[in-house]
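First comes the structure, then the notes that go with it.
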Amino acid sequence: MEHIVIIGNGIAGVTAARHIRKLSDKKISIISSEATHFFSRTALMYVYMGHMRWTDIEPYEPHFWEKNRLELLHGYVERVAPEKKALYFSDGRSITYDKLILATGSKTNTFGWKGLELPQVLGLVNKQDLEKLERVAPNKQVCPRAVIVGGGLIGVELAEMLRTRGIAVTFLVREDAFWTGVLPKGEAQMISRHIASHGVDLRHGTNMDAILPDEQGNVRAVLTTDGEEIPCSMVGITTGVKPNIEFLQGSGIATDRGILVDRTLETSVKGIFAIGDCAQQREPIGNRPPVEAVWYTGRMMGEALARTLCGTPTEYRPSHWFNSAKFFDIEYQTYGWVFSEARRKEYEVHFHWRHRDDDKCITVAYHRDTGKFLGINTFGIRMRHEVFERWLNEDRAAGYVIQHLREANFDPEFYRGYETEIVNAFNTQQKQTVL
Amino acid sequence: MSTLSRDMSIGGQPPQSLNIQQKLATLLGIMGLVILLLATFNVQFPNKTLWLTLSLSAITAGTIWFGAASYLSKHPGIKNDGVFFKSVSHRGFWGWVLGIGLTIFYILLYFFPEYLGLTREGDNKGIIALFDPLSRFLSGNPASQWFVYGTLYTVAIFAFGFKFIWKYRHNRYEILRTISVMFFQTSFAFLIPEIMARLNGTLPYYDLKNIWPLNYYNFERYRINAFIDAGDIGIAMLIFGVLSIFVITPVLTYFYGKRWYCSWVCGCGGLAETAGDPFRHLSDKSVFAWKVERWVVHSVVVFVTLMTTAVIYSYLGHDTSKYWLTKNTFLLGVAGLLTLVFVWVMVFKRAQLQKDAQYGAIGYFVIIMGLIGFHFISGEGNVFLFKAEALRKTYAFLIGAVFSGVIGVGFYPILGNRVWCRFGCPMAAILGFQQRLFSRFRITTNGGQCISCGNCSTYCEMGIDVRAYAQKGQNIVRSSCVGCGICSAVCPRGVLKLENGPLQGRIDSQDILLGNDVDLMKVIQSPK
């Protein structure tokens, strides 16, 4: 029986395993050094916030793995030897495989600051990070103030987490508003205001220079490039993530930022595949970055690879881009492509509407010449994935999408609708453009 | 203080202890309760009206103030910070104290009302006496233990309703639903029956929204006689009771799912959704619990059907001189109706039922038909195998008192707030059966947006593993879902929506869209 070994039990690896089991009888082993069972990485924050226990963020009950004959191995793979089809663990064990799936995910991206090695410096990517956070910042007595560096999705989560325990947070954001690498200005500024309204000391245009220790070698303060010292007991590094692939050095598997894969997710070595955050497409797909560190893409790659391994060669062909997040109380969804000012295509035009309460807004991107709908960002209003998938497939015009926005609304029943207001704003803007 | 909590690999400390306002509000509420407690121990209050007013006002105001102090200073949004760190909401010391206290109250209420001051002859004593002025004001009669209970129950739904509305003040579905249960409890369950008793003394106490089989005693002989004796209005109420079961309930459930009742109207649901809200995450989500649920709750349905049939049968006559219905017509009618439902399910809905549900349906059907068959063998005196009265007493004790009261509410802080609704309520089971098979209601999953975080499953008071469906892109159509809407509220990614829609494509996940190219989805769905 063919033995498929998966390194990594995150969403990509576990989705691959589940689908291989659905489609075949192969022997499947999943290796992890992080956690005994699969958990939802995106839910780490809720454990610290007391919304859920650890067991609650595990999507499957313990008996699931045995019932589906998914063998779970706990250990750290130190070396991959493709010529022997063998894996060597840090504790001296080794196993062999017929097919290997690398789904090792991401780790915190840092920029070589001084003081990174101090015990109260952490990212928020894995279970160990959460355990460390619990030790370093259990409450505001032990940790009166934290500094977070890097204005992205993980940074705002960490800020929200720390605020639930009354810990003061200074949030250093390089740009002049939150996440402007991705969000258009109007949205980024609204989210910045919302973050600040939660008592976060948000510092735009501020960079960290170094982390300063005290005599005991603990974090004492953060020094900004402007020369300001911000006293703190903990530093959160949330300047993005990078593929977790160091252990592949010398294995002969080609890597760049991530593990290079073709469209069937196969690496440079036959029979070895890479999926999820650690994979890098040799040829980027559409507007997608070559390394996609997103829950959903990990899941899609896992599904596609399972097909390939079970006899139906299947390329990873993601449909239209979508993503979601939540910034404190404001939910965010995106369908299709809406680029920030920094990355906006030369043909891309935006329609932006913001509610007077400053907690809801949408941005619709469309083609300057054809009026074709390119994508939507929605904040504080839930919208239907299925409907936007359809409209994008049908090449609808932005005007059509905005006129029919009610069909896409996914807010709970009895919620106020904002469609009329949005349509009026759009018509006004169109008239102005024409004039 | 320990940083590790039981059952957590990683735990934390409470985010903060109560703030000053919350402490003062708690003190106020406790002062109101102390008055009740003193009354229970027969402390004589000189002016009962004044002290009862003081007590109930303090409890209500304290609770509402606590809610305001908890939520109004914060942003509108989800307020689950520290739920698993708090002693009272995570089966800690205060959780157990509360659970044991409530349980003792229910045991006294159901089995030892004399300790609450109920006296057979003469004036009431204790806490019941304290409520006499209010009862006399409403119905003209002295209070009973049930009046005390009903009043406190209404106060709880009303006061905690405010707290709940403030907690979810960003969510109009939750606000309207809560106003609805507050209204139905205050009017239908509490005021209207008392006032009707004042207007027409012969009418039996009737909470019109309390439908058989939840109201398992509605067709007992003394009530039927009372309805008939009360003339037209009594007959009208009796007809309404029957119509509720066979017409109103199925129609509303078809259009809106069972939520129209369980989380918009029902008193048990009302208490669970308001006072019980802080305990919703304590429900057991395991597959095992789901199995137990299905067996237990459907057994209760069988039990109540048998019991009611037996009770009605026992007082009907052989000819139409006593009642319009005769023993045989009635029994044949019941058998016929059950057969109709059974055949309909087996013929049209078989594919939608899981295997064990089919076994269950067949088994139960055989039992019921078998027992009815015994009638023709067992002859007079005995109804079925048992005496009807014995069946009724057993049901009233086991289900009516122990399950719905002592366990159902007393164990809120231990087993969660919907234990009764999930494992015990025959009404919920019947509505759920219809919801599963013949209703427009479903919880829609928003394409591929689920991140498997587990908030939905954790905060499902009915113990449904919502995430298991959502992460596969499937809609959720479960008989137990009471439509409280909290899974949708707590979802951080906007994945879940309660809605009513066409039956076509309600359950099947052919249209699932997890994000891969449509061609690929077709490939995956085609048989290998």
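How things are named: the first chain in the structure tokens is A, the next is B, and so on; residues count from 1 in each chain; ligands count from 1 in the order shown.
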
Dump as CSV the rows for residues of chain A within 8 Å of chain B: closest atom pair and distance in Å with one decimal, only C-alpha atoms counted, ordered by chain and rising residue number.
residue,atom,partner,partner_atom,distance
A:Leu23,CA,B:Lys528,CA,7.5
A:Ser40,CA,B:Cys453,CA,5.4
A:Arg41,CA,B:Cys453,CA,7.8
A:Thr42,CA,B:Cys453,CA,6.4
A:Ala43,CA,B:Cys453,CA,4.8
A:Val47,CA,B:Gly11,CA,7.4
A:Tyr48,CA,B:Gly12,CA,6.7
A:Met49,CA,B:Asp81,CA,5.5
A:Gly50,CA,B:Gly82,CA,4.0
A:His51,CA,B:Asn80,CA,5.4
A:Met52,CA,B:Phe84,CA,6.5
A:Arg53,CA,B:Met8,CA,5.8
A:Trp54,CA,B:Met8,CA,5.9
A:Thr55,CA,B:Met8,CA,7.4
A:Asp56,CA,B:Gly454,CA,6.1
A:Ile57,CA,B:Gly454,CA,5.4
A:Glu58,CA,B:Gly454,CA,7.7
A:Pro59,CA,B:Ser452,CA,6.5
A:Glu61,CA,B:Ser286,CA,7.5
A:Glu131,CA,B:Ile10,CA,6.4
A:Glu134,CA,B:Gly12,CA,6.8
A:Pro138,CA,B:Gly12,CA,6.2
A:Asn139,CA,B:Gln13,CA,7.0
A:Thr164,CA,B:Pro15,CA,6.0
A:Arg165,CA,B:Pro15,CA,4.4
A:Gly166,CA,B:Pro15,CA,6.8
A:Trp295,CA,B:Ile451,CA,6.9
A:Tyr296,CA,B:Gly515,CA,7.5
A:Met300,CA,B:Asn516,CA,5.8
A:Ala304,CA,B:Leu520,CA,7.8
A:Arg307,CA,B:Ile524,CA,7.6
A:Thr314,CA,B:Leu520,CA,7.7
A:Tyr316,CA,B:Asn516,CA,7.8
A:Arg317,CA,B:Asp517,CA,5.6
A:Pro318,CA,B:Asn516,CA,4.5
A:Ser319,CA,B:Asp517,CA,4.2
A:His320,CA,B:Gly515,CA,7.2
A:Trp321,CA,B:Gly515,CA,7.9
A:Phe322,CA,B:Gly515,CA,7.8
A:Asn323,CA,B:Gln449,CA,7.1
A:Ser324,CA,B:Arg493,CA,6.0
A:Ala325,CA,B:Arg493,CA,6.1
A:Lys326,CA,B:Pro492,CA,6.1
A:Asp329,CA,B:Gly77,CA,5.6
A:Glu331,CA,B:Arg493,CA,6.4
A:Tyr332,CA,B:Arg493,CA,7.2
A:Gln333,CA,B:Arg493,CA,7.3
A:Arg382,CA,B:Gly494,CA,5.6
A:Met383,CA,B:Gly494,CA,7.7
A:Arg384,CA,B:Asn446,CA,5.9
A:His385,CA,B:Gly447,CA,5.3
A:Glu386,CA,B:Gly447,CA,5.8
A:Phe410,CA,B:Lys497,CA,6.7
A:Asp411,CA,B:Lys497,CA,7.0
A:Pro412,CA,B:Lys497,CA,5.7
A:Glu413,CA,B:Tyr173,CA,5.9
A:Phe414,CA,B:Tyr173,CA,5.7
A:Tyr415,CA,B:Arg172,CA,5.7

Any chance you could export the current selection's C-alpha atoms as an mmCIF file, in the first residue's frame?
data_model
loop_
_atom_site.group_PDB
_atom_site.id
_atom_site.type_symbol
_atom_site.label_atom_id
_atom_site.label_comp_id
_atom_site.auth_asym_id
_atom_site.auth_seq_id
_atom_site.Cartn_x
_atom_site.Cartn_y
_atom_site.Cartn_z
ATOM 1 C CA LEU A 23 -10.734 8.979 -2.413
ATOM 2 C CA SER A 40 -7.657 26.297 13.641
ATOM 3 C CA ARG A 41 -4.687 28.649 13.487
ATOM 4 C CA THR A 42 -6.934 31.592 12.819
ATOM 5 C CA ALA A 43 -8.636 30.924 16.159
ATOM 6 C CA VAL A 47 -8.137 31.052 23.368
ATOM 7 C CA TYR A 48 -6.167 33.922 24.895
ATOM 8 C CA MET A 49 -9.301 36.073 24.916
ATOM 9 C CA GLY A 50 -11.260 33.413 26.778
ATOM 10 C CA HIS A 51 -13.872 32.947 24.056
ATOM 11 C CA MET A 52 -12.870 29.309 23.614
ATOM 12 C CA ARG A 53 -10.755 26.603 25.190
ATOM 13 C CA TRP A 54 -7.993 24.881 23.296
ATOM 14 C CA THR A 55 -10.225 21.866 22.633
ATOM 15 C CA ASP A 56 -12.829 24.152 21.064
ATOM 16 C CA ILE A 57 -10.520 25.301 18.297
ATOM 17 C CA GLU A 58 -9.832 21.697 17.263
ATOM 18 C CA PRO A 59 -12.329 21.001 14.466
ATOM 19 C CA GLU A 61 -12.839 15.105 17.956
ATOM 20 C CA GLU A 131 1.937 29.591 25.083
ATOM 21 C CA GLU A 134 0.410 33.437 28.050
ATOM 22 C CA PRO A 138 -0.822 36.861 31.479
ATOM 23 C CA ASN A 139 -2.265 40.134 32.798
ATOM 24 C CA THR A 164 -9.047 42.080 26.538
ATOM 25 C CA ARG A 165 -6.688 41.702 29.482
ATOM 26 C CA GLY A 166 -6.382 45.412 30.030
ATOM 27 C CA TRP A 295 -6.197 29.724 5.164
ATOM 28 C CA TYR A 296 -8.418 29.301 2.114
ATOM 29 C CA MET A 300 -7.803 24.554 -1.898
ATOM 30 C CA ALA A 304 -6.407 19.705 -5.524
ATOM 31 C CA ARG A 307 -7.101 14.489 -6.471
ATOM 32 C CA THR A 314 -5.455 18.111 -11.088
ATOM 33 C CA TYR A 316 -4.244 24.040 -8.526
ATOM 34 C CA ARG A 317 -6.655 26.408 -10.217
ATOM 35 C CA PRO A 318 -8.135 28.701 -7.649
ATOM 36 C CA SER A 319 -11.266 30.494 -8.701
ATOM 37 C CA HIS A 320 -11.789 34.194 -7.987
ATOM 38 C CA TRP A 321 -9.852 35.613 -5.077
ATOM 39 C CA PHE A 322 -11.646 35.977 -1.763
ATOM 40 C CA ASN A 323 -10.557 36.589 1.776
ATOM 41 C CA SER A 324 -11.888 37.822 5.104
ATOM 42 C CA ALA A 325 -10.740 39.157 8.450
ATOM 43 C CA LYS A 326 -12.053 40.960 11.481
ATOM 44 C CA ASP A 329 -15.580 44.759 15.855
ATOM 45 C CA GLU A 331 -15.736 42.391 9.788
ATOM 46 C CA TYR A 332 -14.030 42.497 6.433
ATOM 47 C CA GLN A 333 -14.692 40.440 3.320
ATOM 48 C CA ARG A 382 -21.664 40.771 5.132
ATOM 49 C CA MET A 383 -21.922 39.690 1.505
ATOM 50 C CA ARG A 384 -22.436 36.428 -0.318
ATOM 51 C CA HIS A 385 -19.451 34.638 -1.763
ATOM 52 C CA GLU A 386 -21.584 32.705 -4.215
ATOM 53 C CA PHE A 410 -25.651 38.344 3.819
ATOM 54 C CA ASP A 411 -26.331 40.306 7.017
ATOM 55 C CA PRO A 412 -28.631 38.656 9.569
ATOM 56 C CA GLU A 413 -32.369 39.107 9.124
ATOM 57 C CA PHE A 414 -33.876 42.471 10.115
ATOM 58 C CA TYR A 415 -30.581 44.318 9.646
#

Taking only residues of segment 33-146 of chain A that have an atom at most 7 Å from an atom of segment 271-282 of chain A, what is each one's shortest atom pair and its distance in Å to one decimal, using only C-alpha atoms, in chain and number order, as a tab-separated table?
residue	atom	partner	partner_atom	distance
A:Lys99	CA	A:Gly271	CA	5.1
A:Leu100	CA	A:Ile272	CA	4.7
A:Ile101	CA	A:Phe273	CA	4.7
A:Leu102	CA	A:Ala274	CA	4.5
A:Ala103	CA	A:Ile275	CA	5.3
A:Thr104	CA	A:Cys278	CA	6.0
A:Gly105	CA	A:Asp277	CA	4.6
A:Ser106	CA	A:Asp277	CA	5.8

Could you list, as a compact mmCIF listing (two decimals) with N, CA, C and O atoms, in the first residue's frame, every residue within 7 Å of Lys85 of chain A, counting only C-alpha atoms and ignoring same-chain residues fewer than 2 positions away?
# COMPACT_ATOMS: atom_id res chain seq x y z
N ALA A 81 15.53 13.27 2.96
CA ALA A 81 16.49 12.62 2.06
C ALA A 81 15.73 11.98 0.91
O ALA A 81 15.34 10.82 0.96
N PRO A 82 15.52 12.74 -0.18
CA PRO A 82 14.70 12.25 -1.29
C PRO A 82 15.28 10.99 -1.94
O PRO A 82 14.52 10.13 -2.40
N GLU A 83 16.60 10.86 -1.94
CA GLU A 83 17.19 9.70 -2.62
C GLU A 83 16.82 8.41 -1.89
O GLU A 83 16.67 7.36 -2.50
N THR A 96 10.11 6.21 6.26
CA THR A 96 10.20 6.31 4.81
C THR A 96 8.81 6.58 4.24
O THR A 96 7.81 6.35 4.91
N TYR A 97 8.81 7.07 3.01
CA TYR A 97 7.54 7.43 2.38
C TYR A 97 7.57 7.00 0.91
O TYR A 97 8.65 6.77 0.35
N ASP A 98 6.41 6.93 0.32
CA ASP A 98 6.33 6.77 -1.14
C ASP A 98 6.10 8.11 -1.81
O ASP A 98 6.67 8.44 -2.82

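For the choices B:Ile312, B:Leu415, B:Leu72, B:Leu33, the atom-to-atom distance to Ser283 of chain B is smallest for B:Leu415 when using only C-alpha atoms.
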
**Study point:** Selection: 12 Å around segment 365-373 of chain B, only C-alpha atoms, excl. self and same-chain fewer than 4 positions, as a PyMOL selection string
**Key:** chain B and resi 298-299+301-307+309-310+313+327-328+330-343+345-346+357-361+377-379+382-386

Review point. Leaving out Tyr206 of chain B and any residue of its chain fewer than 6 positions from it, which residues lie within 10 Å of it when counting only C-alpha atoms, given as a ChimeraX atom specification?
Key: /B:188-190,192-194,196-197,215,218,223,237-238,241

Exercise for review: Write down as a PyMOL selection string the residues belonging to segment 371-407 of chain A that are assigned helix (DSSP H, G or I) by DSSP computed on the backbone.
Suggested key: chain A and resi 385-393+398-403+405-407

For the residues in that selection, give me all heavy atoms as a short mmCIF file (atom, residue, chain, number, x, y, z; two decimals), in the first residue's frame.
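What landed in selection.cif:
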data_model
loop_
_atom_site.label_atom_id
_atom_site.label_comp_id
_atom_site.auth_asym_id
_atom_site.auth_seq_id
_atom_site.Cartn_x
_atom_site.Cartn_y
_atom_site.Cartn_z
N HIS A 385 -20.53 35.12 -0.92
CA HIS A 385 -19.45 34.64 -1.76
C HIS A 385 -19.99 34.15 -3.12
O HIS A 385 -19.51 34.53 -4.18
CB HIS A 385 -18.75 33.48 -1.02
CG HIS A 385 -17.55 32.96 -1.71
ND1 HIS A 385 -16.79 31.93 -1.20
CD2 HIS A 385 -16.94 33.29 -2.87
CE1 HIS A 385 -15.78 31.67 -2.02
NE2 HIS A 385 -15.87 32.48 -3.04
N GLU A 386 -21.04 33.35 -3.02
CA GLU A 386 -21.58 32.70 -4.21
C GLU A 386 -22.01 33.73 -5.27
O GLU A 386 -21.78 33.56 -6.47
CB GLU A 386 -22.79 31.88 -3.78
CG GLU A 386 -23.31 30.93 -4.80
CD GLU A 386 -24.65 30.37 -4.38
OE1 GLU A 386 -25.00 30.43 -3.18
OE2 GLU A 386 -25.35 29.87 -5.28
N VAL A 387 -22.64 34.82 -4.79
CA VAL A 387 -23.15 35.82 -5.73
C VAL A 387 -22.01 36.55 -6.42
O VAL A 387 -22.02 36.76 -7.64
CB VAL A 387 -24.07 36.81 -4.99
CG1 VAL A 387 -24.47 37.96 -5.90
CG2 VAL A 387 -25.30 36.08 -4.46
N PHE A 388 -20.97 36.90 -5.68
CA PHE A 388 -19.84 37.59 -6.32
C PHE A 388 -19.07 36.67 -7.25
O PHE A 388 -18.58 37.09 -8.29
CB PHE A 388 -18.94 38.23 -5.27
CG PHE A 388 -19.50 39.50 -4.74
CD1 PHE A 388 -20.01 39.58 -3.46
CD2 PHE A 388 -19.58 40.62 -5.56
CE1 PHE A 388 -20.57 40.76 -2.99
CE2 PHE A 388 -20.14 41.79 -5.10
CZ PHE A 388 -20.64 41.87 -3.81
N GLU A 389 -18.97 35.42 -6.86
CA GLU A 389 -18.34 34.44 -7.75
C GLU A 389 -19.07 34.42 -9.10
O GLU A 389 -18.46 34.45 -10.17
CB GLU A 389 -18.40 33.06 -7.06
CG GLU A 389 -17.91 31.90 -7.92
CD GLU A 389 -16.41 31.71 -7.86
OE1 GLU A 389 -15.74 32.36 -7.04
OE2 GLU A 389 -15.90 30.93 -8.68
N ARG A 390 -20.39 34.45 -9.02
CA ARG A 390 -21.19 34.41 -10.23
C ARG A 390 -21.02 35.69 -11.04
O ARG A 390 -20.77 35.66 -12.25
CB ARG A 390 -22.67 34.20 -9.87
CG ARG A 390 -23.54 33.80 -11.05
CD ARG A 390 -24.94 33.45 -10.60
NE ARG A 390 -25.67 34.63 -10.19
CZ ARG A 390 -26.35 34.75 -9.03
NH1 ARG A 390 -26.36 33.76 -8.17
NH2 ARG A 390 -26.99 35.86 -8.75
N TRP A 391 -21.11 36.84 -10.37
CA TRP A 391 -20.99 38.11 -11.08
C TRP A 391 -19.62 38.25 -11.74
O TRP A 391 -19.50 38.80 -12.84
CB TRP A 391 -21.25 39.28 -10.13
CG TRP A 391 -22.70 39.44 -9.77
CD1 TRP A 391 -23.76 38.91 -10.45
CD2 TRP A 391 -23.26 40.18 -8.69
NE1 TRP A 391 -24.94 39.26 -9.84
CE2 TRP A 391 -24.66 40.04 -8.76
CE3 TRP A 391 -22.71 40.94 -7.65
CZ2 TRP A 391 -25.52 40.64 -7.84
CZ3 TRP A 391 -23.57 41.54 -6.74
CH2 TRP A 391 -24.96 41.39 -6.83
N LEU A 392 -18.60 37.77 -11.04
CA LEU A 392 -17.25 37.84 -11.63
C LEU A 392 -17.15 36.92 -12.84
O LEU A 392 -16.55 37.27 -13.86
CB LEU A 392 -16.19 37.48 -10.58
CG LEU A 392 -15.94 38.57 -9.53
CD1 LEU A 392 -15.23 38.01 -8.32
CD2 LEU A 392 -15.15 39.73 -10.13
N ASN A 393 -17.76 35.75 -12.74
CA ASN A 393 -17.76 34.85 -13.89
C ASN A 393 -18.52 35.44 -15.07
O ASN A 393 -18.19 35.21 -16.22
CB ASN A 393 -18.38 33.50 -13.52
CG ASN A 393 -17.40 32.64 -12.75
OD1 ASN A 393 -16.19 32.82 -12.88
ND2 ASN A 393 -17.91 31.71 -11.97
N ALA A 398 -19.73 47.24 -13.06
CA ALA A 398 -19.81 47.74 -11.68
C ALA A 398 -21.19 48.31 -11.40
O ALA A 398 -21.74 48.11 -10.31
CB ALA A 398 -18.74 48.81 -11.46
N GLY A 399 -21.76 49.00 -12.40
CA GLY A 399 -23.10 49.57 -12.22
C GLY A 399 -24.12 48.49 -11.91
O GLY A 399 -24.94 48.63 -11.00
N TYR A 400 -24.02 47.37 -12.62
CA TYR A 400 -24.94 46.25 -12.38
C TYR A 400 -24.78 45.74 -10.96
O TYR A 400 -25.75 45.53 -10.23
CB TYR A 400 -24.66 45.13 -13.38
CG TYR A 400 -25.52 43.91 -13.16
CD1 TYR A 400 -26.74 43.76 -13.81
CD2 TYR A 400 -25.11 42.89 -12.30
CE1 TYR A 400 -27.54 42.66 -13.60
CE2 TYR A 400 -25.89 41.78 -12.08
CZ TYR A 400 -27.10 41.65 -12.73
OH TYR A 400 -27.88 40.57 -12.52
N VAL A 401 -23.54 45.54 -10.56
CA VAL A 401 -23.26 45.00 -9.23
C VAL A 401 -23.84 45.91 -8.15
O VAL A 401 -24.50 45.46 -7.22
CB VAL A 401 -21.74 44.83 -9.04
CG1 VAL A 401 -21.39 44.59 -7.57
CG2 VAL A 401 -21.23 43.69 -9.92
N ILE A 402 -23.65 47.20 -8.32
CA ILE A 402 -24.13 48.13 -7.29
C ILE A 402 -25.66 48.20 -7.28
O ILE A 402 -26.28 48.23 -6.22
CB ILE A 402 -23.47 49.51 -7.49
CG1 ILE A 402 -22.00 49.38 -7.04
CG2 ILE A 402 -24.18 50.60 -6.71
CD1 ILE A 402 -21.13 50.53 -7.38
N GLN A 403 -26.26 48.16 -8.47
CA GLN A 403 -27.73 48.15 -8.52
C GLN A 403 -28.30 46.89 -7.87
O GLN A 403 -29.40 46.91 -7.34
CB GLN A 403 -28.23 48.21 -9.97
CG GLN A 403 -27.83 49.45 -10.75
CD GLN A 403 -28.47 50.71 -10.22
OE1 GLN A 403 -29.47 50.66 -9.53
NE2 GLN A 403 -27.86 51.86 -10.52
N LEU A 405 -26.86 45.04 -5.42
CA LEU A 405 -26.12 44.70 -4.20
C LEU A 405 -26.98 43.97 -3.17
O LEU A 405 -26.49 43.16 -2.39
CB LEU A 405 -25.53 45.98 -3.60
CG LEU A 405 -24.15 45.87 -2.96
CD1 LEU A 405 -23.18 45.10 -3.85
CD2 LEU A 405 -23.60 47.25 -2.67
N ARG A 406 -28.26 44.27 -3.17
CA ARG A 406 -29.16 43.64 -2.19
C ARG A 406 -29.14 42.12 -2.32
O ARG A 406 -29.24 41.40 -1.33
CB ARG A 406 -30.59 44.17 -2.37
CG ARG A 406 -31.44 44.11 -1.13
CD ARG A 406 -32.83 44.67 -1.40
NE ARG A 406 -32.80 46.07 -1.81
CZ ARG A 406 -32.92 47.10 -0.97
NH1 ARG A 406 -33.09 46.88 0.31
NH2 ARG A 406 -32.88 48.34 -1.40
N GLU A 407 -29.02 41.61 -3.55
CA GLU A 407 -28.97 40.16 -3.76
C GLU A 407 -27.77 39.53 -3.07
O GLU A 407 -27.77 38.35 -2.73
CB GLU A 407 -28.84 39.83 -5.26
CG GLU A 407 -30.10 39.99 -6.04
CD GLU A 407 -29.82 39.86 -7.53
OE1 GLU A 407 -29.01 38.99 -7.91
OE2 GLU A 407 -30.39 40.66 -8.30
#
